[in-house]
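Data from coords.cif: mmCIF, C-alpha atoms and all ligand atoms
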```cif
data_entry
loop_
_atom_site.label_atom_id
_atom_site.label_comp_id
_atom_site.auth_asym_id
_atom_site.auth_seq_id
_atom_site.Cartn_x
_atom_site.Cartn_y
_atom_site.Cartn_z
CA MET K 46 16.29 21.89 19.03
CA THR K 47 14.62 18.62 18.09
CA PRO K 48 12.51 19.01 14.94
CA ALA K 49 8.74 18.68 15.38
CA PRO K 50 6.70 15.90 13.72
CA ALA K 51 5.17 18.62 11.52
CA GLU K 52 8.53 18.97 9.75
CA SER K 53 8.88 15.23 9.11
CA ALA K 54 9.13 13.74 5.62
CA PHE K 55 5.94 11.76 6.33
CA LEU K 56 3.74 14.76 7.11
CA SER K 57 5.34 16.83 4.34
CA ALA K 58 4.45 14.10 1.81
CA CYS K 59 0.87 13.98 3.17
CA ARG K 60 0.67 17.74 2.56
CA ARG K 61 2.20 17.32 -0.94
CA GLU K 62 5.22 19.41 0.02
CA PRO K 63 8.85 18.69 -0.98
CA VAL K 64 10.57 15.89 0.97
CA PRO K 65 14.26 15.10 1.67
CA HIS K 66 13.51 11.42 0.92
CA THR K 67 10.38 9.36 0.25
CA PRO K 68 8.89 8.50 3.65
CA VAL K 69 8.07 4.87 4.40
CA TRP K 70 6.09 2.91 7.00
CA PHE K 71 4.29 -0.44 6.84
CA MET K 72 0.72 -1.35 7.61
CA ARG K 73 0.87 -3.97 10.41
CA GLN K 74 4.51 -3.10 11.05
CA ALA K 75 3.90 -4.00 14.70
CA GLY K 76 2.93 -7.63 14.91
CA ARG K 77 3.77 -11.24 14.49
CA ALA K 78 6.65 -10.76 12.03
CA LEU K 79 8.67 -9.39 14.97
CA PRO K 80 10.08 -11.88 17.52
CA GLU K 81 10.10 -9.11 20.14
CA TYR K 82 6.34 -8.66 19.53
CA ARG K 83 5.64 -12.38 19.90
CA ARG K 84 7.58 -12.43 23.18
CA LEU K 85 5.68 -9.45 24.58
CA ARG K 86 2.29 -10.86 23.56
CA GLU K 87 2.88 -14.26 25.19
CA GLY K 88 0.03 -14.92 27.62
CA ASN K 89 -1.94 -11.76 26.66
CA GLN K 90 -5.18 -11.71 24.72
CA MET K 91 -5.13 -9.22 21.83
CA LEU K 92 -7.92 -7.02 23.22
CA ASP K 93 -6.37 -7.02 26.72
CA ALA K 94 -3.06 -5.94 25.19
CA CYS K 95 -4.86 -3.09 23.36
CA ALA K 96 -6.22 -1.85 26.72
CA THR K 97 -2.81 -1.88 28.45
CA PRO K 98 -0.99 1.41 27.72
CA ASP K 99 2.52 0.13 28.58
CA LEU K 100 2.15 -2.80 26.16
CA VAL K 101 0.62 -0.61 23.45
CA THR K 102 3.48 1.88 23.80
CA GLU K 103 6.21 -0.74 23.65
CA ILE K 104 4.62 -2.66 20.74
CA THR K 105 4.12 0.55 18.75
CA LEU K 106 7.77 1.53 19.26
CA GLN K 107 9.26 -1.88 18.35
CA PRO K 108 9.06 -1.50 14.55
CA VAL K 109 10.20 2.13 14.72
CA ARG K 110 13.40 1.03 16.47
CA ARG K 111 14.00 -1.97 14.27
CA TYR K 112 13.22 -0.52 10.85
CA GLY K 113 13.79 3.22 11.18
CA VAL K 114 10.44 3.89 9.52
CA ASP K 115 9.23 7.49 9.09
CA ALA K 116 6.05 7.04 11.13
CA ALA K 117 4.64 4.92 13.93
CA ILE K 118 1.17 3.43 13.68
CA PHE K 119 -0.72 3.20 16.93
CA PHE K 120 -1.06 -0.41 18.08
CA SER K 121 -4.73 -1.20 18.50
CA ASP K 122 -7.47 -2.77 16.39
CA ILE K 123 -10.46 -1.53 14.41
CA VAL K 124 -12.86 -3.38 16.76
CA VAL K 125 -11.50 -1.74 19.95
CA PRO K 126 -14.08 1.12 19.93
CA LEU K 127 -16.93 -1.40 19.49
CA LYS K 128 -15.65 -3.44 22.43
CA ALA K 129 -15.35 -0.19 24.42
CA ILE K 130 -19.06 0.61 24.04
CA GLY K 131 -20.00 -2.88 25.15
CA VAL K 132 -20.35 -4.95 21.96
CA ASP K 133 -19.61 -8.56 22.91
CA LEU K 134 -16.73 -9.51 20.61
CA ASP K 135 -13.30 -11.07 20.69
CA ILE K 136 -10.26 -11.29 18.44
CA VAL K 137 -9.60 -14.97 17.83
CA PRO K 138 -5.95 -15.77 16.98
CA GLY K 139 -5.55 -16.76 13.35
CA VAL K 140 -9.18 -15.83 12.61
CA GLY K 141 -9.82 -12.19 13.44
CA PRO K 142 -12.69 -10.35 15.14
CA VAL K 143 -15.68 -12.54 16.09
CA VAL K 144 -18.95 -10.92 17.26
CA ALA K 145 -21.11 -12.95 19.69
CA ALA K 146 -24.49 -11.69 18.43
CA PRO K 147 -24.34 -10.42 14.82
CA PHE K 148 -26.24 -7.26 13.84
CA ARG K 149 -29.61 -8.18 12.33
CA THR K 150 -32.49 -5.74 13.03
CA THR K 151 -33.37 -2.18 13.97
CA ARG K 152 -33.31 -3.22 17.64
CA ASP K 153 -29.59 -3.97 17.31
CA LEU K 154 -28.95 -0.24 16.75
CA ASP K 155 -29.44 0.22 20.50
CA ARG K 156 -26.20 -1.68 21.07
CA LEU K 157 -24.27 0.99 19.14
CA ARG K 158 -24.28 4.04 21.37
CA ALA K 159 -21.85 6.92 20.84
CA LEU K 160 -18.28 6.58 22.15
CA THR K 161 -16.80 9.15 24.54
CA PRO K 162 -13.14 9.61 25.54
CA ASP K 163 -14.10 8.20 28.98
CA ASP K 164 -14.77 4.85 27.29
CA VAL K 165 -11.15 4.65 26.11
CA PRO K 166 -8.87 6.22 28.77
CA TYR K 167 -6.21 3.62 27.90
CA ILE K 168 -6.11 4.97 24.33
CA THR K 169 -5.55 8.54 25.50
CA GLU K 170 -2.85 7.40 27.94
CA ALA K 171 -1.01 5.27 25.37
CA VAL K 172 -1.09 8.01 22.70
CA CYS K 173 0.24 10.60 25.19
CA ASN K 174 3.08 8.25 26.22
CA LEU K 175 3.91 7.53 22.61
CA VAL K 176 3.97 11.14 21.48
CA ALA K 177 6.45 11.88 24.28
CA GLU K 178 8.62 8.84 23.39
CA LEU K 179 8.54 9.39 19.63
CA GLY K 180 9.70 13.03 19.65
CA PRO K 181 10.06 14.07 15.99
CA ILE K 182 8.53 10.86 14.58
CA PRO K 183 4.82 11.25 13.79
CA LEU K 184 2.24 8.89 15.27
CA ILE K 185 -0.56 7.75 12.95
CA GLY K 186 -3.89 7.12 14.65
CA PHE K 187 -6.44 4.92 12.91
CA ALA K 188 -9.94 3.50 12.87
CA GLY K 189 -12.06 1.17 10.78
CA ALA K 190 -14.40 2.83 8.27
CA PRO K 191 -18.16 2.30 8.65
CA PHE K 192 -18.45 -0.30 5.84
CA THR K 193 -15.65 -2.52 7.14
CA LEU K 194 -16.88 -2.32 10.73
CA ALA K 195 -20.41 -3.11 9.52
CA SER K 196 -19.07 -6.19 7.76
CA TYR K 197 -17.69 -7.64 11.01
CA LEU K 198 -20.89 -6.77 12.90
CA VAL K 199 -23.29 -8.15 10.31
CA GLU K 200 -21.31 -11.26 9.33
CA GLY K 201 -20.32 -11.94 12.94
CA GLY K 202 -16.71 -12.43 11.85
CA PRO K 203 -14.35 -12.33 8.88
CA SER K 204 -16.03 -12.98 5.54
CA LYS K 205 -14.94 -13.63 1.98
CA ASN K 206 -17.98 -12.38 0.07
CA HIS K 207 -19.62 -10.08 2.63
CA ALA K 208 -22.92 -11.60 1.53
CA ALA K 209 -24.98 -10.82 4.65
CA THR K 210 -23.54 -7.29 4.73
CA LYS K 211 -24.46 -6.62 1.11
CA ALA K 212 -27.88 -8.25 1.56
CA LEU K 213 -28.57 -5.70 4.30
CA MET K 214 -27.12 -2.85 2.24
CA TYR K 215 -29.26 -3.64 -0.83
CA GLY K 216 -32.30 -5.11 0.93
CA GLU K 217 -32.82 -2.70 3.82
CA PRO K 218 -31.25 0.60 2.78
CA GLU K 219 -32.79 2.56 5.66
CA LEU K 220 -31.49 0.21 8.32
CA TRP K 221 -28.14 0.13 6.49
CA ALA K 222 -27.93 3.94 6.55
CA ALA K 223 -28.82 3.99 10.25
CA LEU K 224 -26.15 1.36 10.99
CA LEU K 225 -23.43 3.20 9.04
CA ASP K 226 -24.45 6.48 10.67
CA ARG K 227 -23.99 4.96 14.15
CA LEU K 228 -20.64 3.50 13.12
CA ALA K 229 -19.48 6.81 11.63
CA THR K 230 -20.23 8.53 14.95
CA ILE K 231 -18.26 5.91 16.90
CA THR K 232 -15.36 5.98 14.43
CA LEU K 233 -14.99 9.74 14.37
CA SER K 234 -14.96 9.88 18.18
CA PHE K 235 -12.31 7.15 18.29
CA LEU K 236 -10.14 9.14 15.85
CA ARG K 237 -10.83 12.36 17.73
CA ALA K 238 -9.60 10.79 21.01
CA GLN K 239 -6.33 9.84 19.31
CA ILE K 240 -5.88 13.27 17.70
CA ASP K 241 -6.67 15.13 20.91
CA ALA K 242 -4.04 13.03 22.68
CA GLY K 243 -1.45 14.02 20.04
CA ALA K 244 -1.66 11.76 16.97
CA SER K 245 -0.25 13.65 13.94
CA ALA K 246 -2.27 11.97 11.19
CA VAL K 247 -5.00 9.35 10.85
CA GLN K 248 -5.67 6.41 8.58
CA LEU K 249 -9.24 5.31 7.95
CA PHE K 250 -9.14 1.60 7.02
CA ASP K 251 -11.95 0.52 4.72
CA SER K 252 -10.23 -2.79 4.15
CA TRP K 253 -13.15 -4.70 2.65
CA VAL K 254 -15.00 -1.97 0.68
CA GLY K 255 -13.50 -3.28 -2.57
CA ALA K 256 -16.48 -5.69 -2.55
CA VAL K 257 -18.80 -2.79 -3.52
CA PRO K 258 -19.24 -1.44 -7.10
CA ALA K 259 -18.43 2.25 -7.54
CA ALA K 260 -21.99 3.56 -8.03
CA ASP K 261 -23.22 1.76 -4.92
CA TYR K 262 -20.14 2.90 -3.03
CA ARG K 263 -21.00 6.52 -3.85
CA ALA K 264 -24.65 6.15 -2.82
CA LEU K 265 -24.48 3.81 0.16
CA VAL K 266 -21.01 4.04 1.72
CA GLN K 267 -19.10 7.19 0.79
CA PRO K 268 -21.36 9.72 2.61
CA HIS K 269 -20.66 7.99 5.93
CA SER K 270 -16.90 7.78 5.37
CA ALA K 271 -17.00 11.42 4.25
CA ARG K 272 -18.65 12.46 7.52
CA VAL K 273 -15.86 10.76 9.47
CA LEU K 274 -13.09 12.33 7.38
CA ALA K 275 -14.64 15.81 7.54
CA ALA K 276 -14.67 15.63 11.34
CA VAL K 277 -10.89 15.12 11.52
CA SER K 278 -9.75 17.67 8.95
CA ASP K 279 -7.26 19.21 11.39
CA VAL K 280 -4.74 16.44 10.59
CA PRO K 281 -3.74 14.68 7.34
CA ARG K 282 -6.16 11.86 6.55
CA ILE K 283 -5.17 8.64 4.76
CA HIS K 284 -7.95 6.45 3.35
CA PHE K 285 -7.14 2.86 2.41
CA GLY K 286 -8.89 -0.28 1.22
CA VAL K 287 -8.01 -3.56 -0.51
CA GLY K 288 -9.17 -4.41 -4.04
CA THR K 289 -10.28 -0.80 -4.51
CA GLY K 290 -8.90 -0.21 -8.01
CA GLU K 291 -12.36 0.82 -9.23
CA LEU K 292 -12.98 3.04 -6.20
CA LEU K 293 -9.77 5.03 -5.96
CA HIS K 294 -11.20 8.25 -7.30
CA ASP K 295 -14.33 8.09 -5.14
CA MET K 296 -12.33 7.20 -2.03
CA GLY K 297 -10.25 10.33 -2.59
CA GLN K 298 -13.46 12.32 -3.01
CA ALA K 299 -14.63 11.05 0.39
CA GLY K 300 -12.27 13.69 1.75
CA ALA K 301 -8.88 12.03 2.18
CA ASP K 302 -5.60 13.90 1.79
CA VAL K 303 -3.82 10.66 0.91
CA VAL K 304 -5.29 7.65 -0.89
CA GLY K 305 -3.83 4.26 0.02
CA VAL K 306 -3.44 1.90 -2.95
CA ASP K 307 -3.18 -1.90 -2.81
CA TRP K 308 -0.68 -3.81 -4.98
CA ARG K 309 -3.08 -4.66 -7.81
CA VAL K 310 -3.01 -1.26 -9.53
CA PRO K 311 0.31 0.18 -10.77
CA LEU K 312 0.91 3.32 -8.73
CA SER K 313 1.19 5.55 -11.81
CA GLN K 314 -2.26 4.38 -12.97
CA ALA K 315 -3.64 4.86 -9.48
CA VAL K 316 -2.40 8.45 -9.54
CA SER K 317 -4.32 9.23 -12.71
CA ARG K 318 -7.47 7.51 -11.39
CA ILE K 319 -7.31 9.45 -8.11
CA GLY K 320 -6.75 12.77 -9.87
CA PRO K 321 -4.98 15.96 -8.72
CA GLY K 322 -4.84 17.39 -5.23
CA LYS K 323 -4.10 14.11 -3.41
CA ALA K 324 -1.01 12.29 -2.20
CA VAL K 325 -0.79 8.51 -2.58
CA GLN K 326 0.42 5.74 -0.29
CA GLY K 327 1.62 2.30 -1.33
CA ASN K 328 1.92 -0.17 -2.85
CA LEU K 329 4.57 -2.92 -2.83
CA ASP K 330 3.02 -6.40 -2.87
CA PRO K 331 3.54 -7.73 0.69
CA THR K 332 4.55 -11.13 -0.73
CA LEU K 333 7.59 -9.63 -2.50
CA VAL K 334 9.55 -9.92 0.75
CA PHE K 335 9.68 -13.66 -0.06
CA ALA K 336 11.29 -13.01 -3.49
CA PRO K 337 15.07 -12.98 -4.10
CA ASP K 338 16.85 -9.79 -2.99
CA ASP K 339 17.39 -8.46 -6.51
CA VAL K 340 13.70 -8.89 -7.41
CA LEU K 341 12.61 -7.15 -4.21
CA ALA K 342 15.05 -4.27 -4.88
CA ARG K 343 13.82 -3.90 -8.46
CA LYS K 344 10.17 -3.78 -7.36
CA VAL K 345 10.95 -1.22 -4.66
CA ARG K 346 12.63 1.00 -7.26
CA GLU K 347 9.73 0.55 -9.69
CA THR K 348 7.32 1.64 -6.97
CA LEU K 349 9.48 4.68 -6.17
CA GLU K 350 9.70 5.55 -9.88
CA GLN K 351 5.93 5.31 -10.33
CA GLY K 352 5.37 7.31 -7.17
CA LYS K 353 7.07 10.26 -8.86
CA ALA K 354 3.85 10.76 -10.82
CA ALA K 355 2.12 11.72 -7.57
CA GLU K 356 2.07 15.13 -5.88
CA GLY K 357 3.15 13.31 -2.72
CA HIS K 358 4.17 9.68 -2.21
CA ILE K 359 4.36 7.71 1.02
CA PHE K 360 5.93 4.31 0.45
CA ASN K 361 4.08 1.38 2.04
CA LEU K 362 3.05 -2.15 1.25
CA GLY K 363 -0.17 -2.72 -0.68
CA HIS K 364 -1.63 -4.31 2.48
CA GLY K 365 -0.33 -5.40 5.89
CA VAL K 366 2.96 -7.13 6.69
CA LEU K 367 2.42 -10.90 6.51
CA PRO K 368 3.26 -12.72 9.76
CA GLU K 369 5.85 -14.97 7.99
CA THR K 370 7.85 -11.93 6.81
CA ASP K 371 11.56 -11.82 7.63
CA PRO K 372 12.07 -8.47 9.40
CA ASP K 373 15.45 -8.11 7.65
CA ALA K 374 13.65 -7.92 4.30
CA LEU K 375 11.61 -4.95 5.53
CA LEU K 376 14.74 -3.31 6.91
CA ARG K 377 16.22 -3.62 3.42
CA VAL K 378 13.10 -2.04 1.90
CA VAL K 379 13.42 0.97 4.24
CA GLU K 380 17.11 1.36 3.30
CA LEU K 381 16.31 1.19 -0.42
CA VAL K 382 13.46 3.70 -0.13
CA HIS K 383 15.58 6.13 1.87
CA ALA K 384 18.49 5.80 -0.60
CA GLY K 385 16.09 6.76 -3.41
CA LEU K 386 16.50 5.97 -7.08
O1 LIG P 1 1.07 -2.10 13.00
C1 LIG P 1 -0.12 -1.79 12.72
O2 LIG P 1 -0.52 -1.67 11.56
C2 LIG P 1 -1.05 -1.46 13.88
C3 LIG P 1 -1.89 -2.45 14.31
C4 LIG P 1 -3.19 -2.89 13.69
C5 LIG P 1 -3.80 -4.10 14.09
N1 LIG P 1 -5.02 -4.18 13.53
C6 LIG P 1 -3.19 -5.05 15.05
C7 LIG P 1 -3.60 -6.45 14.98
C8 LIG P 1 -4.06 -2.27 12.79
C9 LIG P 1 -3.88 -0.98 12.03
C10 LIG P 1 -5.22 -3.11 12.69
C11 LIG P 1 -6.41 -2.79 11.90
C12 LIG P 1 -7.28 -3.88 11.46
N2 LIG P 1 -7.81 -4.90 12.20
C13 LIG P 1 -7.83 -3.94 10.17
C14 LIG P 1 -7.56 -2.97 9.06
C15 LIG P 1 -6.24 -3.23 8.46
C16 LIG P 1 -6.21 -4.36 7.46
O3 LIG P 1 -5.50 -5.32 7.72
O4 LIG P 1 -6.91 -4.23 6.45
C17 LIG P 1 -8.65 -5.08 10.13
C18 LIG P 1 -9.41 -5.58 8.92
C19 LIG P 1 -8.64 -5.66 11.41
C20 LIG P 1 -9.38 -6.85 11.88
C21 LIG P 1 -8.40 -7.89 12.34
N3 LIG P 1 -7.80 -7.87 13.60
C22 LIG P 1 -7.85 -8.98 11.62
C23 LIG P 1 -8.24 -9.36 10.21
C24 LIG P 1 -6.90 -9.61 12.45
C25 LIG P 1 -5.97 -10.74 12.12
C26 LIG P 1 -6.39 -12.05 12.67
C27 LIG P 1 -5.22 -13.00 12.68
O5 LIG P 1 -4.87 -13.46 13.79
O6 LIG P 1 -4.64 -13.30 11.61
C28 LIG P 1 -6.91 -8.89 13.67
C29 LIG P 1 -6.05 -9.16 14.83
C30 LIG P 1 -4.85 -8.30 14.90
N4 LIG P 1 -4.88 -6.94 14.86
C31 LIG P 1 -3.51 -8.71 15.09
C32 LIG P 1 -2.72 -7.57 15.14
C33 LIG P 1 -1.24 -7.46 15.35
C34 LIG P 1 -3.05 -10.15 15.22
C35 LIG P 1 -3.32 -10.60 16.63
C36 LIG P 1 -2.13 -11.15 17.32
O7 LIG P 1 -0.98 -10.76 17.08
O8 LIG P 1 -2.38 -11.97 18.21
#
```
Go through the file and emit its structure as structure tokens.
Amino acid sequence: MTPAPAESAFLSACRREPVPHTPVWFMRQAGRALPEYRRLREGNQMLDACATPDLVTEITLQPVRRYGVDAAIFFSDIVVPLKAIGVDLDIVPGVGPVVAAPFRTTRDLDRLRALTPDDVPYITEAVCNLVAELGPIPLIGFAGAPFTLASYLVEGGPSKNHAATKALMYGEPELWAALLDRLATITLSFLRAQIDAGASAVQLFDSWVGAVPAADYRALVQPHSARVLAAVSDVPRIHFGVGTGELLHDMGQAGADVVGVDWRVPLSQAVSRIGPGKAVQGNLDPTLVFAPDDVLARKVRETLEQGKAAEGHIFNLGHGVLPETDPDALLRVVELVHAGL
């Protein structure tokens, strides 16, 4: 009999159970680093591709075939649920999500109604197809966390300092809370649709929350992320952000089973900051794929060694695969991780 995803190394590590080898997958493993992805995306807009189940299925499977990773991550984007409820936005190549009318006042809350599975039938269909195709390999569903989604809505696009977002957070705390509450409701429904269709785990991306000091994170952000994570407690939950060295403990306390760590904090230090009862995910610097082979191999082994301090370790990069990455370098990383120390 084929083993079930539940018995996989990836889900075992999430549950802090013994593993036959350290599991590995890569954030943004599906994407521009793969020539087969670039071919398939020719002539398709990103958001159209995300709404086409056959394309989503094929793109999600590409890195699993090529790299032999221990998990697939669903191909979509954090702004897909916002688009699905009617927010006028686009993903501009080389830029990222751009929102036509940025969020400014209480009236803008009306544009953020709750999401139902009927808004995203293409998500349900693609997840069902993928679960059937993947067999024993777990599928990770994902969504953007309220803070990071708020940043795109308030700034109107990608931002370095998140100044307008933080101005709203500090200047109009009631409107901020109402905005994050709406976004939490949308996010948890988007995750729920993926879980109900068969996703084995979820990752909540709070990519840009590293811009917030810990005390303000606890007061103004964490309760909303916690509400999302509590609503999906039937599967392992990974919570990740960039530049979150000062937030690692609090992000774990938001209710994650696994805390994702970027490359700035040595994994062993991250483990002690996060504290007991959590697995960790990370954290090879994504630029190390451009280093000589022996340097890359040494850094992979260092990461594995440091990961031993954790109750469970899922190997990953400290952020997404860079588009210029040579896929062969990632293949080598998977081989090294699976070979162990
Ligand atoms: O393989 C995977 O990890 C799954 C796919 C995935 C995408 N977006 C596909 C994508 C995931 C998990 C995301 C989440 C996402 N989207 C995040 C959180 C993860 C992170 O990187 O911190 C964020 C912040 C976004 C917003 C976003 N969407 C950005 C910043 C960009 C890049 C813009 C660019 O062109 O450089 C996108 C577009 C996007 N999402 C692409 C992909 C593969 C590139 C579009 C393309 O290939 O045409």
Can you build me a table of chain K residues sitting at most 6 Å from ligand LIG 1 (chain P), with the closest atom pair per residue and its distance in Å to one decimal, using all atoms listed in the file, sorted by chain and residue number, as CSV?
```
residue,atom,partner,partner_atom,distance
K:Met72,CA,P:LIG1,O2,4.2
K:Arg73,CA,P:LIG1,O2,2.9
K:Gln74,CA,P:LIG1,O1,4.1
K:Ala75,CA,P:LIG1,O1,3.8
K:Gly76,CA,P:LIG1,C33,4.2
K:Arg77,CA,P:LIG1,O7,5.4
K:Met91,CA,P:LIG1,O8,5.3
K:Ile118,CA,P:LIG1,C2,5.4
K:Phe119,CA,P:LIG1,C2,5.6
K:Phe120,CA,P:LIG1,C2,4.3
K:Ser121,CA,P:LIG1,C3,5.2
K:Asp122,CA,P:LIG1,N1,4.0
K:Ile123,CA,P:LIG1,N2,4.8
K:Ile136,CA,P:LIG1,C29,5.9
K:Pro138,CA,P:LIG1,O5,4.1
K:Gly139,CA,P:LIG1,O5,3.4
K:Val140,CA,P:LIG1,C26,4.7
K:Gly141,CA,P:LIG1,C26,3.5
K:Pro142,CA,P:LIG1,C21,5.7
K:Phe250,CA,P:LIG1,C14,5.2
K:Ser252,CA,P:LIG1,O4,4.3
K:Gly365,CA,P:LIG1,O3,5.5
```
Option closest in space to Ala195 in chain K, from K:Lys353, K:Arg237, K:Arg149, K:Arg343 [counting all atoms listed in the file]: K:Arg149
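Considering only C-alpha atoms, the residue among K:Thr97, K:Cys173, K:Leu127, K:Val378 positioned nearest to Arg156 in chain K is K:Leu127.
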K:Val254, K:Leu341, K:Leu274, K:Glu356 ranked by distance to Asn206 in chain K, top pick (using all atoms listed in the file): K:Val254
Separation of CA of Leu312 in chain K from CA of Ala324 in chain K in Å: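 So the answer is 11.3 Å.
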Selection: 10 Å around Ile240 in chain K, all atoms listed in the file, excl. self and same-chain fewer than 2 positions, as a ChimeraX atom specification: /K:169,172,184-187,234-238,242-247,277,279-280
Please save C-alpha atoms of the selected residues as a CSV table (one decimal), keeping the file's coordinate frame.
```csv
chain,number,residue,atom,x,y,z
K,169,THR,CA,-5.6,8.5,25.5
K,172,VAL,CA,-1.1,8.0,22.7
K,184,LEU,CA,2.2,8.9,15.3
K,185,ILE,CA,-0.6,7.8,13.0
K,186,GLY,CA,-3.9,7.1,14.6
K,187,PHE,CA,-6.4,4.9,12.9
K,234,SER,CA,-15.0,9.9,18.2
K,235,PHE,CA,-12.3,7.2,18.3
K,236,LEU,CA,-10.1,9.1,15.8
K,237,ARG,CA,-10.8,12.4,17.7
K,238,ALA,CA,-9.6,10.8,21.0
K,242,ALA,CA,-4.0,13.0,22.7
K,243,GLY,CA,-1.4,14.0,20.0
K,244,ALA,CA,-1.7,11.8,17.0
K,245,SER,CA,-0.2,13.6,13.9
K,246,ALA,CA,-2.3,12.0,11.2
K,247,VAL,CA,-5.0,9.4,10.8
K,277,VAL,CA,-10.9,15.1,11.5
K,279,ASP,CA,-7.3,19.2,11.4
K,280,VAL,CA,-4.7,16.4,10.6
```
Gap from CA of Ala223 in chain K to CA of His269 in chain K - Å, one decimal: 10.1 Å
Distance of CA of Ala355 in chain K from CA of Val306 in chain K, expressed in Å to one decimal place: 12.2 Å
Local residues around (12.5, -7.1, 4.2), at most 9 Å away, using all atoms listed in the file, as a ChimeraX atom specification: /K:333-335,338,341,370-379
Contacts of Val273 in chain K at 10 Å (all atoms listed in the file; same-chain gap of 5+ positions) as an mmCIF file with C-alpha atoms, in the coordinates of the input:
```cif
data_model
loop_
_atom_site.group_PDB
_atom_site.id
_atom_site.type_symbol
_atom_site.label_atom_id
_atom_site.label_comp_id
_atom_site.auth_asym_id
_atom_site.auth_seq_id
_atom_site.Cartn_x
_atom_site.Cartn_y
_atom_site.Cartn_z
ATOM 1 C CA ALA K 188 -9.940 3.500 12.870
ATOM 2 C CA ALA K 190 -14.400 2.830 8.270
ATOM 3 C CA PRO K 191 -18.160 2.300 8.650
ATOM 4 C CA ASP K 226 -24.450 6.480 10.670
ATOM 5 C CA LEU K 228 -20.640 3.500 13.120
ATOM 6 C CA ALA K 229 -19.480 6.810 11.630
ATOM 7 C CA THR K 230 -20.230 8.530 14.950
ATOM 8 C CA ILE K 231 -18.260 5.910 16.900
ATOM 9 C CA THR K 232 -15.360 5.980 14.430
ATOM 10 C CA LEU K 233 -14.990 9.740 14.370
ATOM 11 C CA SER K 234 -14.960 9.880 18.180
ATOM 12 C CA LEU K 236 -10.140 9.140 15.850
ATOM 13 C CA ARG K 237 -10.830 12.360 17.730
ATOM 14 C CA LEU K 249 -9.240 5.310 7.950
ATOM 15 C CA GLN K 267 -19.100 7.190 0.790
ATOM 16 C CA PRO K 268 -21.360 9.720 2.610
ATOM 17 C CA SER K 278 -9.750 17.670 8.950
ATOM 18 C CA ALA K 299 -14.630 11.050 0.390
ATOM 19 C CA GLY K 300 -12.270 13.690 1.750
#
```
Would you list the residues near (6.2, -7.3, 15.4) (no more than 10 Å away, in the coordinates of the file, using all atoms listed in the file) as an mmCIF file with C-alpha atoms, in the frame of the given file?
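Writing done, so here's out-v4.cif:
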```cif
data_model
loop_
_atom_site.group_PDB
_atom_site.id
_atom_site.type_symbol
_atom_site.label_atom_id
_atom_site.label_comp_id
_atom_site.auth_asym_id
_atom_site.auth_seq_id
_atom_site.Cartn_x
_atom_site.Cartn_y
_atom_site.Cartn_z
ATOM 1 C CA ARG K 73 0.870 -3.970 10.410
ATOM 2 C CA GLN K 74 4.510 -3.100 11.050
ATOM 3 C CA ALA K 75 3.900 -4.000 14.700
ATOM 4 C CA GLY K 76 2.930 -7.630 14.910
ATOM 5 C CA ARG K 77 3.770 -11.240 14.490
ATOM 6 C CA ALA K 78 6.650 -10.760 12.030
ATOM 7 C CA LEU K 79 8.670 -9.390 14.970
ATOM 8 C CA PRO K 80 10.080 -11.880 17.520
ATOM 9 C CA GLU K 81 10.100 -9.110 20.140
ATOM 10 C CA TYR K 82 6.340 -8.660 19.530
ATOM 11 C CA ARG K 83 5.640 -12.380 19.900
ATOM 12 C CA ARG K 84 7.580 -12.430 23.180
ATOM 13 C CA LEU K 85 5.680 -9.450 24.580
ATOM 14 C CA ARG K 86 2.290 -10.860 23.560
ATOM 15 C CA ILE K 104 4.620 -2.660 20.740
ATOM 16 C CA THR K 105 4.120 0.550 18.750
ATOM 17 C CA LEU K 106 7.770 1.530 19.260
ATOM 18 C CA GLN K 107 9.260 -1.880 18.350
ATOM 19 C CA PRO K 108 9.060 -1.500 14.550
ATOM 20 C CA ARG K 111 14.000 -1.970 14.270
ATOM 21 C CA VAL K 366 2.960 -7.130 6.690
ATOM 22 C CA PRO K 368 3.260 -12.720 9.760
ATOM 23 C CA THR K 370 7.850 -11.930 6.810
ATOM 24 C CA PRO K 372 12.070 -8.470 9.400
#
```
Distance criterion (only C-alpha atoms): nearest to Asp93 in chain K out of K:Arg60, K:Arg272, K:Arg263, K:Lys128: K:Lys128
Which residue of K:Val287, K:Ala264, K:Ala384, K:Leu175 approaches Val69 in chain K most closely, using only C-alpha atoms: K:Ala384
